[in-house]
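J.: To start, I am sharing the structure in question, which I have written as structure tokens.
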Amino acid sequence: MRVSLRWLAEFIDLPTDDPAAIEQLLAGLGHEVEGVERLDIPFTGVVIARVEAIRPHPDADKIRLVTVDRGTGSQEVVCGAWNFDEGAVVPLATVGAVLPGNFEIGAREIRGVVSEGMICSERELGFGGDHEGILVLEGDYEPGRDFTDYLELPDVVFDLSITPNRPDAMSMLGIARDLGAKLGIEVREPEISVTGTEPATALQITVEDPTGCPRFVGREVRGVTSGASPMWLQARLRAAGVRPISNLVDATNYTMLELGHPTHVFDLDQVAGEQLIIHRAGSGDTLQTLDDIDRTLDPGDIVISDADGIISLAGIMGGGPTEVSATTSRVLVEAAHWHPPAIMYSSKRHNLRSEASARFERGVDPNLSDRAAARVAQLLVDHAGGEAAAGVVDVYPEPIEPWPVELPLALVERIMGVEINSSEAADFLTRLGLDVTGTDPLRAVVPTYRPDLTRPIDLVEEIARLYGYDNVPERLPLGTGGGLTPGQKRLRLTRSVLTGAGLTEANTLGFMGEADLDTLGLPDRDERRATVRVKNPLSETEETLRSTLLPGLIGAAQRNVSYGHPTAAFFEIGRVFRHEPSPIDKRVPHQPLHLGALLTGPVADELGGPVRPYDVHDATALVRALSHRLGWDDVAIRQRELDGLHPGRAAEVVLAGESIGAIGELHPAAARRFGLSDRVAVLEIGLESLLVEPEWWTLAEPSVYPPHKFDLAFEMSADVPAGDLLQVVRSELGSELDTAEVFDEFDLGGNRKSLAVTIVIRAHDHTLTDEEAQERRLRTIEAVETSLDVKLRGA
């Protein structure tokens, strides 16, 4: 929403015209200021002139000699435009004038005739793109007067981001109301007065879907002449980012920006039977909208029909057959209240978002429709020479009334941390247009232009906005219960471990495409293929919610490499989406919290050390460091082939016997498809189980007796993980085990390998004899051979 400071001055007398101070006021009211633009006068030396005479150029066929009256006398200029006649009022750049682009006007001889100045087009004045002809001014203009006197310049425009719950703030009046409430000053509303003349309108309106259209107002204006709007009105539209079209269309856009209620004008002579029917579209119905696109309608779309068929997609865009044109002489002004969800879904379904739909989907005031229609009629009477027909057709079967909300004062103090007495709270709410009675609780009747105020907490927010967020004191929470939860502490510790290891946290979009999974090389059976599709994706390459963090991290690495940074070490903590219901709320997909990491490119082992490429061992070291710091020392890494990863450099991460993720290097073919030439080490694990506080350890009194040490070497399949061997040893020897470590691995060929482990044992109550140590050694050998189907080497 672009707010013109000059236009705003019509509604409210601000105590300052300092843009920085006003920006601060708007931000404090919850309206984020995305930009401030200064609009200056782009030219000098341009005056109003009236064309007195036009004659042919004696030595050229395509240009004419034009005599103009500039107030202080007549002068002759040469002009190549043919869109005006004698009597026309035009802007004249006099000799010495400077136009946009630092173009200075001088007396110039053209084919033997001296032109004393130049008659200007819109583009030459810096107003827009129309360069087809001269800017012909409609209305009351005084020859000789400076053209800038008729412009709304200079000006300052604030570009505001309006939250979805504030439809009233998408208007000049709504912003003025907020500022007036904040500053405690009066707000002037536009004076709207239209006198109808006989004969009365014959318009008939039937609403077949009162849920989709609770109110519809139509009125007729006859005798209009299509032309240009006054310059002041055009300037206000341009400042608001709306292109002026004609006085007929501009009246509706001006009203929408001024009051916040979109309207539409139909060429009434093109409305068959002078009747409108509001209903839902039928299956297979079509409509050519004003953007010349033929649209196939959906049964959920609300449409407007005349006696011959559909003529408008309600609340979004009108149809081509009833569009106003240069020959239009009678118009039908439509101002309706539409069901917000219906407009939102239709807008998204047709990928058609307009200024009107942006307001209707938020919820326009239903009790403003009659005033909005009257305001458009007033502008058409004033600036299009029209005459409002007697009679207004207003279909409003179940009027929507203001609603009461009770506010206990204790809630205000509990939320804001500030004691606000009854009179102060009532004053704040009254300034916002609410009718307040009572003391505690306050009973506030909410006007229908504030659909966001339905609960006591909403009123607390309004009081806080006017009280000023900056005026709320900072206080530490009282009593117990403050601080971080155990899960939050462990999440911070996770980030600390990873950043301490040299990784940078990334935050990528929660969307991806099926093509990303294809590039990863995931087969159809992979659970990550079961994605949640987005109905209205941001782009064709982001049509699903992410089922894995890897595409986002790989994309970040791609961008780094493309900018000449071959080394990337990223991690991301975020939710992925499963095609299964959430255990918390069955209406939404399951969204487990995952940790993903990516390492690629050259890295130095230590400061000044040799450079080597990242590989899978860096990723496994991250998992070990993280599990150790989080207290989960029984996290295991088991080698196995996994989809999308290098077959010899992949493993699953196991906690308490359950797989919680995968680790490895991207398959070289997949890495090449992503445009990454180095090894790409990745990991992705479910984080929620690691964030659970493990059981507290208990101190085991260390043995003071000497240890026994022995080595064992086992022959086994190359697929048996070393972790499984160590797990069997730990389980068999129990509390007597001091340490067990693999110290050698040897490839025997034929998919066989040898693992050698060194074992240290000691008893807690005596020194083990050689016989006892041998008994434990034999017991360990038997347990390993039985559990893992391996054999002792050299036996």
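Ordering of the structure tokens sets the chain letters (A, B, ...), residue numbers begin anew at 1 in every chain, and ligands are numbered from 1 in the order given.
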Quick one: residues within 9 Å of A:Arg679, only C-alpha atoms counted, chain neighbours fewer than 4 positions away excluded, as a list in words?
T.: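 Non-adjacent residues within range: Leu599, Thr600, Gly601, Pro613, Tyr614, Asp615, Val616, Glu665, Leu666, His667, Pro668 and Ala671 of chain A.
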J.: What are the closest atom pairs, with distances in Å to one decimal, for each residue of stretch 254-330 of chain A lying within 12 Å of stretch 176-183 of chain A, using only C-alpha atoms, rows by chain and rising residue number, as a tab-separated table?
T.:
```
residue	atom	partner	partner_atom	distance
A:Glu258	CA	A:Ala176	CA	10.3
A:Leu259	CA	A:Ala176	CA	10.7
A:Gly260	CA	A:Ala176	CA	12.0
```
J.: Which of these, A:Arg280, A:His766, A:Arg359, A:Arg111, has the shortest distance to A:Leu65 once you count only C-alpha atoms?
T.: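 Counting only C-alpha atoms, the residue closest to A:Leu65 is A:Arg111.
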J.: Find the spatial neighbours of A:Val532, counting only C-alpha atoms, within a cut-off of 8 Å - ignore same-chain residues fewer than 6 positions away - and output them as number ranges by chain.
T.: A: 544-546, 577-579, 589
J.: Save the residues we just selected, N, CA, C and O atoms, as a tab-separated table (two decimals), in the first residue's frame?
T.:
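What follows is the written file result.tsv:
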```tsv
chain	number	residue	atom	x	y	z
A	544	THR	N	6.73	-29.03	-4.44
A	544	THR	CA	6.43	-29.86	-3.27
A	544	THR	C	7.11	-29.28	-2.03
A	544	THR	O	8.09	-28.54	-2.13
A	545	LEU	N	6.57	-29.64	-0.86
A	545	LEU	CA	7.27	-29.36	0.38
A	545	LEU	C	8.45	-30.32	0.49
A	545	LEU	O	8.37	-31.47	0.04
A	546	ARG	N	9.53	-29.86	1.07
A	546	ARG	CA	10.74	-30.68	1.09
A	546	ARG	C	10.56	-31.91	1.97
A	546	ARG	O	10.01	-31.84	3.06
A	577	PHE	N	8.82	-32.64	5.51
A	577	PHE	CA	7.40	-32.93	5.49
A	577	PHE	C	7.17	-34.34	4.91
A	577	PHE	O	7.66	-34.66	3.83
A	578	ARG	N	6.45	-35.14	5.69
A	578	ARG	CA	6.16	-36.51	5.29
A	578	ARG	C	4.71	-36.63	4.81
A	578	ARG	O	3.81	-35.94	5.31
A	579	HIS	N	4.50	-37.52	3.85
A	579	HIS	CA	3.15	-37.72	3.31
A	579	HIS	C	2.38	-38.67	4.23
A	579	HIS	O	1.95	-39.77	3.84
A	589	PRO	N	0.47	-32.56	7.66
A	589	PRO	CA	1.47	-33.63	7.48
A	589	PRO	C	2.45	-33.69	8.63
A	589	PRO	O	2.69	-32.70	9.33
```
J.: Distance atom CA of A:Glu514-atom CA of A:Leu549, one decimal place?
T.: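 Computed distance, atom CA of A:Glu514 to atom CA of A:Leu549, equals 13.6 Å.
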J.: I'd like the contact shell of stretch 92-100 of chain A - 12 Å cut-off, only C-alpha atoms, skipping same-chain residues fewer than 4 positions apart - returned as a ChimeraX atom specification.
T.: /A:40-51,66-71,74-79,88,104-108,114-128,134-137,143-148
J.: Using only C-alpha atoms, which of A:Asp744, A:Glu693, A:Glu572, A:Asp61 sits nearest A:Pro486?
T.: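 Answer, going by the shortest atom-to-atom distance: A:Glu693.
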J.: Pick out each residue of stretch 178-324 of chain A that DSSP on the backbone tags as strand (DSSP E); I need them as a PyMOL selection string.
T.: chain A and resi 204-207+215-222+264-267+275-280+286-288+294-296+302-305+310-313+317-318
J.: For A:Arg575, work out the shell of residues within 7 Å, counting only C-alpha atoms and skipping chain neighbours fewer than 2 positions away, then give it as a PyMOL selection string.
T.: chain A and resi 577+591-594
